[in-house]
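Participant: The structure under discussion is supplied below as structure tokens; questions concerning it will follow.
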Amino acid sequence: MAHATPGVPAAAITILEAMSKPVDLARLAELLPGYGFAFLVTVGDDYRVRTTAITPCFDGTRLDIGPVGAHGRENLSIRTAVTLVWPARDVGEYSLFVDGIAELPADPVGRVLVTPTKALLHRPVFEPGTQRAVGTAHDCVQLKAD
Amino acid sequence: MASNVDFDRLAEKLAGHDYAYLITVDAQNRPHPVPVMPTLDGDTVRIAALGGRRSRANLARSADVTVMWPPPVPGGYTVIVDGTAEVSDAGELASLAIAPSRAVLIRVATPESPGETPCYSDCVDLKLT
């Protein structure tokens, strides 16, 4: 439900709710224990990717990814859109991808919190009887609340 | 540009890693990872049949990519290669030839890791000099 907030157009509230609504957070919470660590992927102003290995904790709403290093902080101070990748344990299993918005604390050793905006399970499709992935097809499941 | 990547050590470190994620960047500067099965061929990382429409659209804008091989065993190192990609053609069977500019190994910092490292995670740069 969009609530009237002084100074904020109702359409903007609807858009914000639409962005945060689609992720099935309960399903995400069920799936996360099946994965080990994750990668935090941030992007700089130069369009270059920075990756670091992390062990996120999920409280049912936000992912606590712990303190982030200097390069990650630099990227997050410019762009808060991040992607988290939980690698599959085996090539034939699902990887878990979560896009989210990061909140960067002022304290450099403070914990960074990420609010999921999109969550996907993704695995390659193999040519029958081979380990050769079919580049043109993927098995992709979006974790949507509705 | 001559690469400073130690390809012999990279080949050694990639043994046992069978799949990876190709990360491209979209027009809004957001990362886009997809699972891929790359091979290291001398000083080139090759990816066959890159079917993803979004990855191909991102590559048309920027050839800078990251390839990330997760560890085959828990607690192992992840291999990360940054490089410039050349796309064979624009179709669904497009293949990539990536010239690595940097290769690093990273893993999640543990209580045994040497404290507050500059890169936070436990990391090793695979460079020649």
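Note on naming: chains are A, B, ... as they come in the structure tokens, residues start from 1 per chain, ligands start from 1 in the order shown.
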Compile the contact shell of region 97-108 of chain A as a PyMOL selection string: residues with an atom at most 7 Å away, counting only C-alpha atoms, same-chain residues fewer than 3 positions apart removed.
Facilitator: chain A and resi 76+80-86+111-121
Participant: Since we have the selection now, will you write its residues out, keeping N, CA and C atoms, as a PDB file, in the first residue's frame?
Facilitator:
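Output file out_27.pdb follows:
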```pdb
ATOM      1  N   LEU A  76      31.392   1.927  -3.488  1.00  0.00           N
ATOM      2  CA  LEU A  76      30.080   2.060  -2.833  1.00  0.00           C
ATOM      3  C   LEU A  76      29.741   3.508  -2.508  1.00  0.00           C
ATOM      4  N   THR A  80      25.666   2.716  -5.140  1.00  0.00           N
ATOM      5  CA  THR A  80      25.269   1.809  -4.071  1.00  0.00           C
ATOM      6  C   THR A  80      24.673   0.508  -4.609  1.00  0.00           C
ATOM      7  N   ALA A  81      24.504   0.412  -5.943  1.00  0.00           N
ATOM      8  CA  ALA A  81      23.961  -0.822  -6.525  1.00  0.00           C
ATOM      9  C   ALA A  81      25.071  -1.878  -6.550  1.00  0.00           C
ATOM     10  N   VAL A  82      24.824  -3.003  -5.889  1.00  0.00           N
ATOM     11  CA  VAL A  82      25.818  -4.072  -5.831  1.00  0.00           C
ATOM     12  C   VAL A  82      25.177  -5.396  -6.240  1.00  0.00           C
ATOM     13  N   THR A  83      26.021  -6.368  -6.549  1.00  0.00           N
ATOM     14  CA  THR A  83      25.544  -7.720  -6.795  1.00  0.00           C
ATOM     15  C   THR A  83      26.294  -8.663  -5.875  1.00  0.00           C
ATOM     16  N   LEU A  84      25.559  -9.595  -5.287  1.00  0.00           N
ATOM     17  CA  LEU A  84      26.188 -10.646  -4.491  1.00  0.00           C
ATOM     18  C   LEU A  84      26.023 -11.955  -5.256  1.00  0.00           C
ATOM     19  N   VAL A  85      27.092 -12.732  -5.324  1.00  0.00           N
ATOM     20  CA  VAL A  85      27.076 -14.014  -6.031  1.00  0.00           C
ATOM     21  C   VAL A  85      27.457 -15.112  -5.051  1.00  0.00           C
ATOM     22  N   TRP A  86      26.539 -16.031  -4.798  1.00  0.00           N
ATOM     23  CA  TRP A  86      26.871 -17.222  -4.013  1.00  0.00           C
ATOM     24  C   TRP A  86      27.163 -18.333  -5.018  1.00  0.00           C
ATOM     25  N   ARG A 111      29.863  -2.248   9.563  1.00  0.00           N
ATOM     26  CA  ARG A 111      29.299  -3.296   8.730  1.00  0.00           C
ATOM     27  C   ARG A 111      28.404  -2.700   7.646  1.00  0.00           C
ATOM     28  N   VAL A 112      28.517  -3.247   6.443  1.00  0.00           N
ATOM     29  CA  VAL A 112      27.722  -2.769   5.309  1.00  0.00           C
ATOM     30  C   VAL A 112      26.458  -3.628   5.214  1.00  0.00           C
ATOM     31  N   LEU A 113      25.301  -2.971   5.053  1.00  0.00           N
ATOM     32  CA  LEU A 113      24.031  -3.685   4.937  1.00  0.00           C
ATOM     33  C   LEU A 113      23.504  -3.551   3.512  1.00  0.00           C
ATOM     34  N   VAL A 114      23.006  -4.667   2.968  1.00  0.00           N
ATOM     35  CA  VAL A 114      22.493  -4.661   1.594  1.00  0.00           C
ATOM     36  C   VAL A 114      21.019  -5.070   1.602  1.00  0.00           C
ATOM     37  N   THR A 115      20.169  -4.245   0.997  1.00  0.00           N
ATOM     38  CA  THR A 115      18.749  -4.561   0.857  1.00  0.00           C
ATOM     39  C   THR A 115      18.535  -5.197  -0.513  1.00  0.00           C
ATOM     40  N   PRO A 116      18.079  -6.459  -0.554  1.00  0.00           N
ATOM     41  CA  PRO A 116      17.908  -7.124  -1.858  1.00  0.00           C
ATOM     42  C   PRO A 116      16.813  -6.465  -2.698  1.00  0.00           C
ATOM     43  N   THR A 117      17.086  -6.266  -3.988  1.00  0.00           N
ATOM     44  CA  THR A 117      16.076  -5.743  -4.912  1.00  0.00           C
ATOM     45  C   THR A 117      15.691  -6.789  -5.957  1.00  0.00           C
ATOM     46  N   LYS A 118      16.547  -7.799  -6.147  1.00  0.00           N
ATOM     47  CA  LYS A 118      16.258  -8.864  -7.104  1.00  0.00           C
ATOM     48  C   LYS A 118      17.078 -10.094  -6.714  1.00  0.00           C
ATOM     49  N   ALA A 119      16.468 -11.261  -6.787  1.00  0.00           N
ATOM     50  CA  ALA A 119      17.192 -12.491  -6.456  1.00  0.00           C
ATOM     51  C   ALA A 119      16.916 -13.541  -7.526  1.00  0.00           C
ATOM     52  N   LEU A 120      17.954 -14.211  -7.962  1.00  0.00           N
ATOM     53  CA  LEU A 120      17.857 -15.193  -9.043  1.00  0.00           C
ATOM     54  C   LEU A 120      18.635 -16.455  -8.716  1.00  0.00           C
ATOM     55  N   LEU A 121      18.083 -17.592  -9.108  1.00  0.00           N
ATOM     56  CA  LEU A 121      18.857 -18.836  -9.135  1.00  0.00           C
ATOM     57  C   LEU A 121      19.199 -19.071 -10.591  1.00  0.00           C
TER      58      LEU A 121
END
```
Participant: Among region 24-144 of chain A, which ones does DSSP place in strand (DSSP E or B), written as an MDAnalysis selection string?
Facilitator: chainID A and resid 38:43 49:54 57:58 63:64 81:86 95:103 113:126 133:142 144
Participant: Select, as an MDAnalysis selection string, those residues of chain B with any atom no more than 7 Å from chain A (distances computed using only C-alpha atoms).
Facilitator: chainID B and resid 19 25 29:31 35 49:52 64 66 70 92:93 106:108 118:121
Participant: Since we have the selection now, will you write its residues out, keeping N, CA and C atoms, as a PDB file, in the first residue's frame?
Facilitator:
```
ATOM      1  N   TYR B  19      34.362 -24.193 -13.605  1.00  0.00           N
ATOM      2  CA  TYR B  19      33.462 -23.171 -14.133  1.00  0.00           C
ATOM      3  C   TYR B  19      33.741 -21.830 -13.467  1.00  0.00           C
ATOM      4  N   VAL B  25      29.423  -5.198 -17.324  1.00  0.00           N
ATOM      5  CA  VAL B  25      28.811  -4.053 -16.647  1.00  0.00           C
ATOM      6  C   VAL B  25      27.770  -3.434 -17.569  1.00  0.00           C
ATOM      7  N   ASN B  29      25.882   0.975 -15.025  1.00  0.00           N
ATOM      8  CA  ASN B  29      27.061   0.654 -14.227  1.00  0.00           C
ATOM      9  C   ASN B  29      26.790  -0.413 -13.164  1.00  0.00           C
ATOM     10  N   ARG B  30      25.855  -1.314 -13.462  1.00  0.00           N
ATOM     11  CA  ARG B  30      25.580  -2.411 -12.537  1.00  0.00           C
ATOM     12  C   ARG B  30      26.232  -3.673 -13.067  1.00  0.00           C
ATOM     13  N   PRO B  31      26.787  -4.504 -12.163  1.00  0.00           N
ATOM     14  CA  PRO B  31      27.433  -5.734 -12.613  1.00  0.00           C
ATOM     15  C   PRO B  31      26.413  -6.766 -13.096  1.00  0.00           C
ATOM     16  N   PRO B  35      27.119 -17.601 -15.391  1.00  0.00           N
ATOM     17  CA  PRO B  35      28.029 -18.749 -15.291  1.00  0.00           C
ATOM     18  C   PRO B  35      28.571 -19.135 -16.666  1.00  0.00           C
ATOM     19  N   ALA B  49      30.459 -19.811 -27.045  1.00  0.00           N
ATOM     20  CA  ALA B  49      28.998 -19.649 -27.076  1.00  0.00           C
ATOM     21  C   ALA B  49      28.446 -18.803 -25.936  1.00  0.00           C
ATOM     22  N   LEU B  50      28.666 -17.512 -26.017  1.00  0.00           N
ATOM     23  CA  LEU B  50      28.133 -16.598 -25.022  1.00  0.00           C
ATOM     24  C   LEU B  50      26.727 -16.184 -25.452  1.00  0.00           C
ATOM     25  N   GLY B  51      25.726 -16.954 -24.966  1.00  0.00           N
ATOM     26  CA  GLY B  51      24.371 -16.751 -25.461  1.00  0.00           C
ATOM     27  C   GLY B  51      23.634 -15.562 -24.891  1.00  0.00           C
ATOM     28  N   GLY B  52      24.021 -15.129 -23.686  1.00  0.00           N
ATOM     29  CA  GLY B  52      23.239 -14.096 -22.996  1.00  0.00           C
ATOM     30  C   GLY B  52      23.166 -12.783 -23.756  1.00  0.00           C
ATOM     31  N   ASP B  64      35.812  -4.263 -21.104  1.00  0.00           N
ATOM     32  CA  ASP B  64      36.442  -4.623 -19.822  1.00  0.00           C
ATOM     33  C   ASP B  64      35.576  -5.653 -19.109  1.00  0.00           C
ATOM     34  N   THR B  66      35.458  -9.127 -16.094  1.00  0.00           N
ATOM     35  CA  THR B  66      36.082  -9.875 -15.012  1.00  0.00           C
ATOM     36  C   THR B  66      35.605 -11.319 -15.116  1.00  0.00           C
ATOM     37  N   PRO B  70      35.141 -19.754  -8.859  1.00  0.00           N
ATOM     38  CA  PRO B  70      35.033 -20.074  -7.433  1.00  0.00           C
ATOM     39  C   PRO B  70      35.875 -21.294  -7.078  1.00  0.00           C
ATOM     40  N   GLU B  92      24.305 -15.325 -31.238  1.00  0.00           N
ATOM     41  CA  GLU B  92      24.153 -16.097 -30.007  1.00  0.00           C
ATOM     42  C   GLU B  92      25.273 -17.102 -29.781  1.00  0.00           C
ATOM     43  N   LEU B  93      26.019 -17.416 -30.835  1.00  0.00           N
ATOM     44  CA  LEU B  93      27.125 -18.353 -30.666  1.00  0.00           C
ATOM     45  C   LEU B  93      28.452 -17.606 -30.571  1.00  0.00           C
ATOM     46  N   ILE B 106      41.816 -14.830  -4.353  1.00  0.00           N
ATOM     47  CA  ILE B 106      41.281 -14.297  -3.098  1.00  0.00           C
ATOM     48  C   ILE B 106      40.558 -15.393  -2.341  1.00  0.00           C
ATOM     49  N   ARG B 107      40.490 -15.239  -1.050  1.00  0.00           N
ATOM     50  CA  ARG B 107      39.596 -16.094  -0.257  1.00  0.00           C
ATOM     51  C   ARG B 107      39.092 -15.306   0.946  1.00  0.00           C
ATOM     52  N   VAL B 108      38.018 -15.815   1.508  1.00  0.00           N
ATOM     53  CA  VAL B 108      37.410 -15.127   2.642  1.00  0.00           C
ATOM     54  C   VAL B 108      38.409 -15.111   3.789  1.00  0.00           C
ATOM     55  N   PRO B 118      45.202  -4.857   3.627  1.00  0.00           N
ATOM     56  CA  PRO B 118      44.680  -3.739   2.843  1.00  0.00           C
ATOM     57  C   PRO B 118      43.529  -4.147   1.933  1.00  0.00           C
ATOM     58  N   CYS B 119      43.523  -5.400   1.477  1.00  0.00           N
ATOM     59  CA  CYS B 119      42.452  -5.805   0.581  1.00  0.00           C
ATOM     60  C   CYS B 119      41.361  -6.584   1.316  1.00  0.00           C
ATOM     61  N   TYR B 120      41.378  -6.583   2.640  1.00  0.00           N
ATOM     62  CA  TYR B 120      40.360  -7.216   3.484  1.00  0.00           C
ATOM     63  C   TYR B 120      40.377  -8.735   3.380  1.00  0.00           C
ATOM     64  N   SER B 121      40.140  -9.270   2.154  1.00  0.00           N
ATOM     65  CA  SER B 121      40.210 -10.721   2.010  1.00  0.00           C
ATOM     66  C   SER B 121      41.685 -11.098   1.891  1.00  0.00           C
TER      67      SER B 121
END
```
Participant: Considering only C-alpha atoms, return as an mmCIF file with N, CA and C atoms, in the first residue's frame whatever protein or nucleic-acid residues lie within 9 Å of Val67 (chain B), sequence-local ones (same chain, fewer than 3 positions apart) excluded.
Facilitator:
```
data_model
loop_
_atom_site.group_PDB
_atom_site.id
_atom_site.type_symbol
_atom_site.label_atom_id
_atom_site.label_comp_id
_atom_site.auth_asym_id
_atom_site.auth_seq_id
_atom_site.Cartn_x
_atom_site.Cartn_y
_atom_site.Cartn_z
ATOM 1 N N ALA B 20 33.182 -20.788 -14.073
ATOM 2 C CA ALA B 20 33.467 -19.429 -13.613
ATOM 3 C C ALA B 20 32.252 -18.548 -13.850
ATOM 4 N N TYR B 21 32.358 -17.308 -13.416
ATOM 5 C CA TYR B 21 31.347 -16.297 -13.725
ATOM 6 C C TYR B 21 32.001 -15.230 -14.576
ATOM 7 N N LEU B 22 31.333 -14.881 -15.662
ATOM 8 C CA LEU B 22 31.765 -13.752 -16.483
ATOM 9 C C LEU B 22 30.971 -12.547 -15.983
ATOM 10 N N ILE B 23 31.678 -11.500 -15.599
ATOM 11 C CA ILE B 23 30.983 -10.297 -15.112
ATOM 12 C C ILE B 23 31.205 -9.156 -16.097
ATOM 13 N N VAL B 36 29.845 -19.421 -16.734
ATOM 14 C CA VAL B 36 30.501 -19.802 -17.998
ATOM 15 C C VAL B 36 31.547 -20.882 -17.706
ATOM 16 N N PRO B 38 35.122 -21.271 -18.934
ATOM 17 C CA PRO B 38 36.239 -20.763 -19.734
ATOM 18 C C PRO B 38 37.423 -21.734 -19.740
ATOM 19 N N VAL B 45 42.135 -16.159 -22.256
ATOM 20 C CA VAL B 45 41.021 -16.887 -21.632
ATOM 21 C C VAL B 45 39.911 -16.946 -22.678
ATOM 22 N N VAL B 79 39.890 -17.626 -8.160
ATOM 23 C CA VAL B 79 40.783 -17.004 -9.128
ATOM 24 C C VAL B 79 39.995 -15.908 -9.857
ATOM 25 N N ILE B 80 40.543 -14.699 -9.867
ATOM 26 C CA ILE B 80 39.871 -13.584 -10.532
ATOM 27 C C ILE B 80 40.788 -12.999 -11.592
ATOM 28 N N VAL B 81 40.270 -12.896 -12.814
ATOM 29 C CA VAL B 81 41.032 -12.311 -13.914
ATOM 30 C C VAL B 81 40.284 -11.088 -14.435
ATOM 31 N N ASP B 82 40.981 -9.957 -14.497
ATOM 32 C CA ASP B 82 40.436 -8.769 -15.162
ATOM 33 C C ASP B 82 41.071 -8.714 -16.536
ATOM 34 N N GLY B 83 40.309 -8.332 -17.544
ATOM 35 C CA GLY B 83 40.901 -8.266 -18.876
ATOM 36 C C GLY B 83 40.013 -7.570 -19.877
#
```
Participant: According to DSSP computed on the backbone, where in chain A is there alpha helix (DSSP H)? Give the residues as a PyMOL selection string.
Facilitator: chain A and resi 10-20+25-31+70-78
Participant: Using N, CA and C atoms, can you export the residues from the last selection as an mmCIF file, in the first residue's frame?
Facilitator:
```cif
data_model
loop_
_atom_site.group_PDB
_atom_site.id
_atom_site.type_symbol
_atom_site.label_atom_id
_atom_site.label_comp_id
_atom_site.auth_asym_id
_atom_site.auth_seq_id
_atom_site.Cartn_x
_atom_site.Cartn_y
_atom_site.Cartn_z
ATOM 1 N N ALA A 10 3.124 10.343 -4.611
ATOM 2 C CA ALA A 10 2.637 8.966 -4.439
ATOM 3 C C ALA A 10 3.255 8.015 -5.457
ATOM 4 N N ALA A 11 3.469 8.518 -6.692
ATOM 5 C CA ALA A 11 4.044 7.670 -7.739
ATOM 6 C C ALA A 11 5.441 7.203 -7.349
ATOM 7 N N ALA A 12 6.213 8.085 -6.709
ATOM 8 C CA ALA A 12 7.579 7.728 -6.303
ATOM 9 C C ALA A 12 7.542 6.630 -5.256
ATOM 10 N N ILE A 13 6.576 6.730 -4.338
ATOM 11 C CA ILE A 13 6.456 5.697 -3.288
ATOM 12 C C ILE A 13 6.102 4.357 -3.934
ATOM 13 N N THR A 14 5.198 4.382 -4.898
ATOM 14 C CA THR A 14 4.788 3.157 -5.586
ATOM 15 C C THR A 14 5.992 2.510 -6.274
ATOM 16 N N ILE A 15 6.811 3.349 -6.913
ATOM 17 C CA ILE A 15 7.997 2.817 -7.599
ATOM 18 C C ILE A 15 8.944 2.179 -6.586
ATOM 19 N N LEU A 16 9.172 2.857 -5.462
ATOM 20 C CA LEU A 16 10.071 2.307 -4.439
ATOM 21 C C LEU A 16 9.548 0.986 -3.909
ATOM 22 N N GLU A 17 8.227 0.906 -3.706
ATOM 23 C CA GLU A 17 7.652 -0.341 -3.202
ATOM 24 C C GLU A 17 7.759 -1.450 -4.244
ATOM 25 N N ALA A 18 7.560 -1.075 -5.501
ATOM 26 C CA ALA A 18 7.650 -2.065 -6.578
ATOM 27 C C ALA A 18 9.063 -2.619 -6.673
ATOM 28 N N MET A 19 10.056 -1.768 -6.403
ATOM 29 C CA MET A 19 11.447 -2.218 -6.475
ATOM 30 C C MET A 19 11.785 -3.192 -5.357
ATOM 31 N N SER A 20 11.209 -2.925 -4.160
ATOM 32 C CA SER A 20 11.595 -3.751 -3.021
ATOM 33 C C SER A 20 10.667 -4.960 -2.866
ATOM 34 N N LEU A 25 11.760 -12.884 0.206
ATOM 35 C CA LEU A 25 12.793 -12.897 1.254
ATOM 36 C C LEU A 25 12.766 -14.182 2.072
ATOM 37 N N ALA A 26 11.566 -14.763 2.237
ATOM 38 C CA ALA A 26 11.459 -16.012 3.007
ATOM 39 C C ALA A 26 12.171 -17.149 2.272
ATOM 40 N N ARG A 27 11.980 -17.186 0.946
ATOM 41 C CA ARG A 27 12.626 -18.217 0.123
ATOM 42 C C ARG A 27 14.139 -18.011 0.129
ATOM 43 N N LEU A 28 14.550 -16.736 0.083
ATOM 44 C CA LEU A 28 15.976 -16.417 0.130
ATOM 45 C C LEU A 28 16.583 -16.925 1.444
ATOM 46 N N ALA A 29 15.865 -16.701 2.541
ATOM 47 C CA ALA A 29 16.332 -17.144 3.856
ATOM 48 C C ALA A 29 16.456 -18.672 3.906
ATOM 49 N N GLU A 30 15.537 -19.374 3.221
ATOM 50 C CA GLU A 30 15.579 -20.848 3.179
ATOM 51 C C GLU A 30 16.779 -21.340 2.386
ATOM 52 N N LEU A 31 17.088 -20.618 1.300
ATOM 53 C CA LEU A 31 18.140 -21.073 0.387
ATOM 54 C C LEU A 31 19.553 -20.790 0.897
ATOM 55 N N ALA A 70 39.016 -1.012 1.125
ATOM 56 C CA ALA A 70 39.133 0.353 0.593
ATOM 57 C C ALA A 70 38.541 0.520 -0.809
ATOM 58 N N HIS A 71 38.832 -0.422 -1.722
ATOM 59 C CA HIS A 71 38.320 -0.304 -3.100
ATOM 60 C C HIS A 71 36.806 -0.438 -3.135
ATOM 61 N N GLY A 72 36.302 -1.389 -2.373
ATOM 62 C CA GLY A 72 34.856 -1.600 -2.304
ATOM 63 C C GLY A 72 34.167 -0.366 -1.744
ATOM 64 N N ARG A 73 34.749 0.218 -0.696
ATOM 65 C CA ARG A 73 34.166 1.431 -0.089
ATOM 66 C C ARG A 73 34.152 2.587 -1.079
ATOM 67 N N GLU A 74 35.245 2.683 -1.830
ATOM 68 C CA GLU A 74 35.346 3.764 -2.806
ATOM 69 C C GLU A 74 34.215 3.628 -3.846
ATOM 70 N N ASN A 75 34.030 2.397 -4.353
ATOM 71 C CA ASN A 75 32.958 2.165 -5.331
ATOM 72 C C ASN A 75 31.580 2.411 -4.714
ATOM 73 N N LEU A 76 31.392 1.927 -3.488
ATOM 74 C CA LEU A 76 30.080 2.060 -2.833
ATOM 75 C C LEU A 76 29.741 3.508 -2.508
ATOM 76 N N SER A 77 30.773 4.335 -2.336
ATOM 77 C CA SER A 77 30.500 5.740 -2.021
ATOM 78 C C SER A 77 29.972 6.464 -3.261
ATOM 79 N N ILE A 78 30.234 5.894 -4.454
ATOM 80 C CA ILE A 78 29.762 6.508 -5.703
ATOM 81 C C ILE A 78 28.464 5.840 -6.168
#
```
Participant: Return the single residue from B:Asp125, B:Asp8, B:Asp41, B:Glu86 that is closest to Ala63 (chain B), with distances computed using only C-alpha atoms.
Facilitator: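 Selected residue with least distance to Ala63 (chain B): B:Glu86.
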Participant: One number please: CA of Phe7 (chain B) to CA of Asp43 (chain B), in Å, one decimal.
Facilitator: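 These two atoms are separated by 6.2 Å.
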Participant: What does the structure give for the distance between CA of Asp24 (chain A) and CA of Ala27 (chain B), in Å to one decimal?
Facilitator: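 A separation of 26.3 Å between them.
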Participant: What does the structure give for the distance between CA of Asn58 (chain B) and CA of Thr24 (chain B), in Å to one decimal?
Facilitator: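 Computing the Euclidean distance for CA of Asn58 (chain B) and CA of Thr24 (chain B) yields 6.1 Å.
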